[in-house]
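Structure file entry_26.pdb (PDB, C-alpha atoms) is printed below.
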ATOM      1  CA  MET A 198     214.917 -10.883 204.704  1.00  0.00           C
ATOM      2  CA  PRO A 199     216.310 -14.041 203.049  1.00  0.00           C
ATOM      3  CA  PHE A 200     215.114 -14.775 199.533  1.00  0.00           C
ATOM      4  CA  VAL A 201     215.834 -18.273 198.219  1.00  0.00           C
ATOM      5  CA  SER A 202     215.335 -19.273 194.601  1.00  0.00           C
ATOM      6  CA  ILE A 203     215.312 -22.988 193.770  1.00  0.00           C
ATOM      7  CA  ARG A 204     215.206 -24.382 190.242  1.00  0.00           C
ATOM      8  CA  LEU A 205     214.227 -27.979 189.694  1.00  0.00           C
ATOM      9  CA  ALA A 206     214.812 -29.862 186.465  1.00  0.00           C
ATOM     10  CA  GLY A 207     211.460 -31.568 186.055  1.00  0.00           C
ATOM     11  CA  SER A 208     208.650 -31.355 188.525  1.00  0.00           C
ATOM     12  CA  ALA A 209     207.779 -32.087 192.131  1.00  0.00           C
ATOM     13  CA  THR A 210     204.493 -32.686 193.887  1.00  0.00           C
ATOM     14  CA  LYS A 211     202.885 -30.036 196.073  1.00  0.00           C
ATOM     15  CA  ASP A 212     203.814 -32.101 199.154  1.00  0.00           C
ATOM     16  CA  GLN A 213     207.448 -32.355 198.031  1.00  0.00           C
ATOM     17  CA  LYS A 214     207.625 -28.605 197.454  1.00  0.00           C
ATOM     18  CA  ALA A 215     206.034 -27.946 200.856  1.00  0.00           C
ATOM     19  CA  GLY A 216     208.727 -30.137 202.418  1.00  0.00           C
ATOM     20  CA  ILE A 217     211.484 -28.249 200.604  1.00  0.00           C
ATOM     21  CA  VAL A 218     210.066 -24.916 201.795  1.00  0.00           C
ATOM     22  CA  ALA A 219     209.822 -26.182 205.385  1.00  0.00           C
ATOM     23  CA  ASP A 220     213.355 -27.639 205.349  1.00  0.00           C
ATOM     24  CA  VAL A 221     215.002 -24.576 203.792  1.00  0.00           C
ATOM     25  CA  THR A 222     213.164 -22.259 206.184  1.00  0.00           C
ATOM     26  CA  ALA A 223     214.201 -24.360 209.187  1.00  0.00           C
ATOM     27  CA  SER A 224     217.813 -24.337 208.012  1.00  0.00           C
ATOM     28  CA  LEU A 225     217.905 -20.539 207.701  1.00  0.00           C
ATOM     29  CA  VAL A 226     216.331 -20.189 211.139  1.00  0.00           C
ATOM     30  CA  ALA A 227     218.772 -22.651 212.744  1.00  0.00           C
ATOM     31  CA  ARG A 228     221.947 -21.579 210.957  1.00  0.00           C
ATOM     32  CA  LEU A 229     221.449 -17.841 210.521  1.00  0.00           C
ATOM     33  CA  GLY A 230     218.905 -17.013 213.216  1.00  0.00           C
ATOM     34  CA  LYS A 231     216.424 -15.661 210.670  1.00  0.00           C
ATOM     35  CA  ASN A 232     212.779 -15.047 211.482  1.00  0.00           C
ATOM     36  CA  PRO A 233     210.799 -17.802 209.692  1.00  0.00           C
ATOM     37  CA  ALA A 234     208.135 -15.264 208.710  1.00  0.00           C
ATOM     38  CA  ALA A 235     210.773 -13.304 206.787  1.00  0.00           C
ATOM     39  CA  VAL A 236     212.045 -16.254 204.727  1.00  0.00           C
ATOM     40  CA  GLN A 237     210.796 -16.206 201.140  1.00  0.00           C
ATOM     41  CA  ILE A 238     211.271 -19.189 198.828  1.00  0.00           C
ATOM     42  CA  VAL A 239     210.444 -19.513 195.148  1.00  0.00           C
ATOM     43  CA  ILE A 240     210.510 -22.913 193.456  1.00  0.00           C
ATOM     44  CA  GLU A 241     210.756 -22.847 189.684  1.00  0.00           C
ATOM     45  CA  GLU A 242     210.165 -26.057 187.751  1.00  0.00           C
ATOM     46  CA  VAL A 243     212.147 -26.185 184.530  1.00  0.00           C
ATOM     47  CA  LEU A 244     210.931 -28.614 181.875  1.00  0.00           C
ATOM     48  CA  PRO A 245     213.665 -31.021 180.721  1.00  0.00           C
ATOM     49  CA  GLU A 246     213.104 -29.757 177.160  1.00  0.00           C
ATOM     50  CA  ASN A 247     214.052 -26.252 178.334  1.00  0.00           C
ATOM     51  CA  TYR A 248     217.238 -27.249 180.150  1.00  0.00           C
ATOM     52  CA  GLY A 249     220.541 -28.451 178.800  1.00  0.00           C
ATOM     53  CA  ALA A 250     223.827 -29.714 180.198  1.00  0.00           C
ATOM     54  CA  GLY A 251     226.934 -31.087 178.574  1.00  0.00           C
ATOM     55  CA  GLY A 252     225.901 -29.756 175.183  1.00  0.00           C
ATOM     56  CA  GLN A 253     222.496 -31.414 174.949  1.00  0.00           C
ATOM     57  CA  LEU A 254     218.960 -31.056 176.196  1.00  0.00           C
ATOM     58  CA  ILE A 255     218.178 -33.028 179.336  1.00  0.00           C
ATOM     59  CA  VAL A 256     215.084 -34.486 177.653  1.00  0.00           C
ATOM     60  CA  ASP A 257     217.337 -35.971 174.948  1.00  0.00           C
ATOM     61  CA  ARG A 258     220.040 -37.066 177.372  1.00  0.00           C
ATOM     62  CA  ASP A 259     217.557 -38.913 179.574  1.00  0.00           C
ATOM     63  CA  SER A 260     215.488 -40.468 176.772  1.00  0.00           C
ATOM     64  CA  PRO A 261     215.061 -44.272 176.913  1.00  0.00           C
ATOM     65  CA  ALA A 262     217.397 -44.767 173.940  1.00  0.00           C
ATOM     66  CA  THR A 263     220.282 -42.847 175.518  1.00  0.00           C
ATOM     67  CA  LEU A 264     219.763 -44.341 178.965  1.00  0.00           C
ATOM     68  CA  LEU A 265     220.659 -47.750 177.544  1.00  0.00           C
ATOM     69  CA  GLN A 266     224.013 -46.523 176.211  1.00  0.00           C
ATOM     70  CA  PRO A 267     227.186 -46.786 178.313  1.00  0.00           C
ATOM     71  CA  ALA A 268     228.097 -43.496 180.003  1.00  0.00           C
ATOM     72  CA  ALA A 269     231.220 -42.994 177.866  1.00  0.00           C
ATOM     73  CA  ALA A 270     229.169 -43.338 174.679  1.00  0.00           C
ATOM     74  CA  LYS A 271     226.837 -40.570 175.882  1.00  0.00           C
ATOM     75  CA  GLY A 272     229.761 -38.196 176.309  1.00  0.00           C
ATOM     76  CA  ASP A 273     229.720 -38.227 180.096  1.00  0.00           C
ATOM     77  CA  ALA A 274     232.779 -36.259 181.186  1.00  0.00           C
ATOM     78  CA  TYR A 275     232.794 -38.161 184.475  1.00  0.00           C
ATOM     79  CA  ALA A 276     232.658 -41.626 182.961  1.00  0.00           C
ATOM     80  CA  GLU A 277     235.534 -43.960 183.582  1.00  0.00           C
ATOM     81  CA  PRO A 278     237.611 -44.670 180.475  1.00  0.00           C
ATOM     82  CA  ARG A 279     237.115 -48.107 178.986  1.00  0.00           C
ATOM     83  CA  PRO A 280     240.112 -50.476 178.909  1.00  0.00           C
TER      84      PRO A 280
END

Rewritten as structure tokens:
Amino acid sequence: MPFVSIRLAGSATKDQKAGIVADVTASLVARLGKNPAAVQIVIEEVLPENYGAGGQLIVDRDSPATLLQPAAAKGDAYAEPRP
């Protein structure tokens, strides 16, 4: 019996979550031959204030003030160096 746990930073609508459940179930049926009735999926919505990456909370990283800064100024490890 497959058990899939999905964590989302932020939230999704009921319709979006239903689509995720349908898509993941279909994938396990097609790729692994699982019985769709046996597939269990849990979607956990994590508030941006309860989730951090790169040393800061997502809610702070994605605030309007920081979104206006260049990526390198925000400490983005994947940002291209400035000349």

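Among A:Leu244, A:Ile255, A:Leu205, A:Met198, the residue with the shortest atom-to-atom distance to A:Thr222, counting only C-alpha atoms, is A:Met198.
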
Handout entry: Residues near A:Ala235, cut-off 8 Å, all atoms listed in the file, skip fewer than 2 positions along chain, as a PyMOL selection string
Key = chain A and resi 198-199+231-233+237

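When atom CA of A:Leu254 is paired with atom CA of A:Thr210, their separation reads 22.9 Å.
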
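You will find atom CA of A:Val226 at 24.9 Å from atom CA of A:Glu242.
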
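Atom pair atom CA of A:Val236 / atom CA of A:Gly207 has a distance of 24.2 Å (rounded to one decimal).
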
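Restricting the calculation to all atoms listed in the file, the smallest distance between A:Ser208 and any of A:Leu229, A:Val243, A:Ser224, A:Ala234 is found for A:Val243.
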
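All residues of protein, DNA or RNA that reach within 9 Å of A:Arg204, judged by all atoms listed in the file and not counting those fewer than 2 positions away in the chain, are Ser202, Ala206, Val239, Ile240, Glu241, Glu242 and Val243 of chain A.
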
Could you put an axis-aligned box around every listed atom of stretch 242-261 of chain A, padded by 5 Å on each side, and send me its centre and edge lengths in Å to one decimal, as AutoDock Vina command-line options?
--center_x 218.5 --center_y -35.2 --center_z 181.3 --size_x 26.8 --size_y 28.2 --size_z 22.8
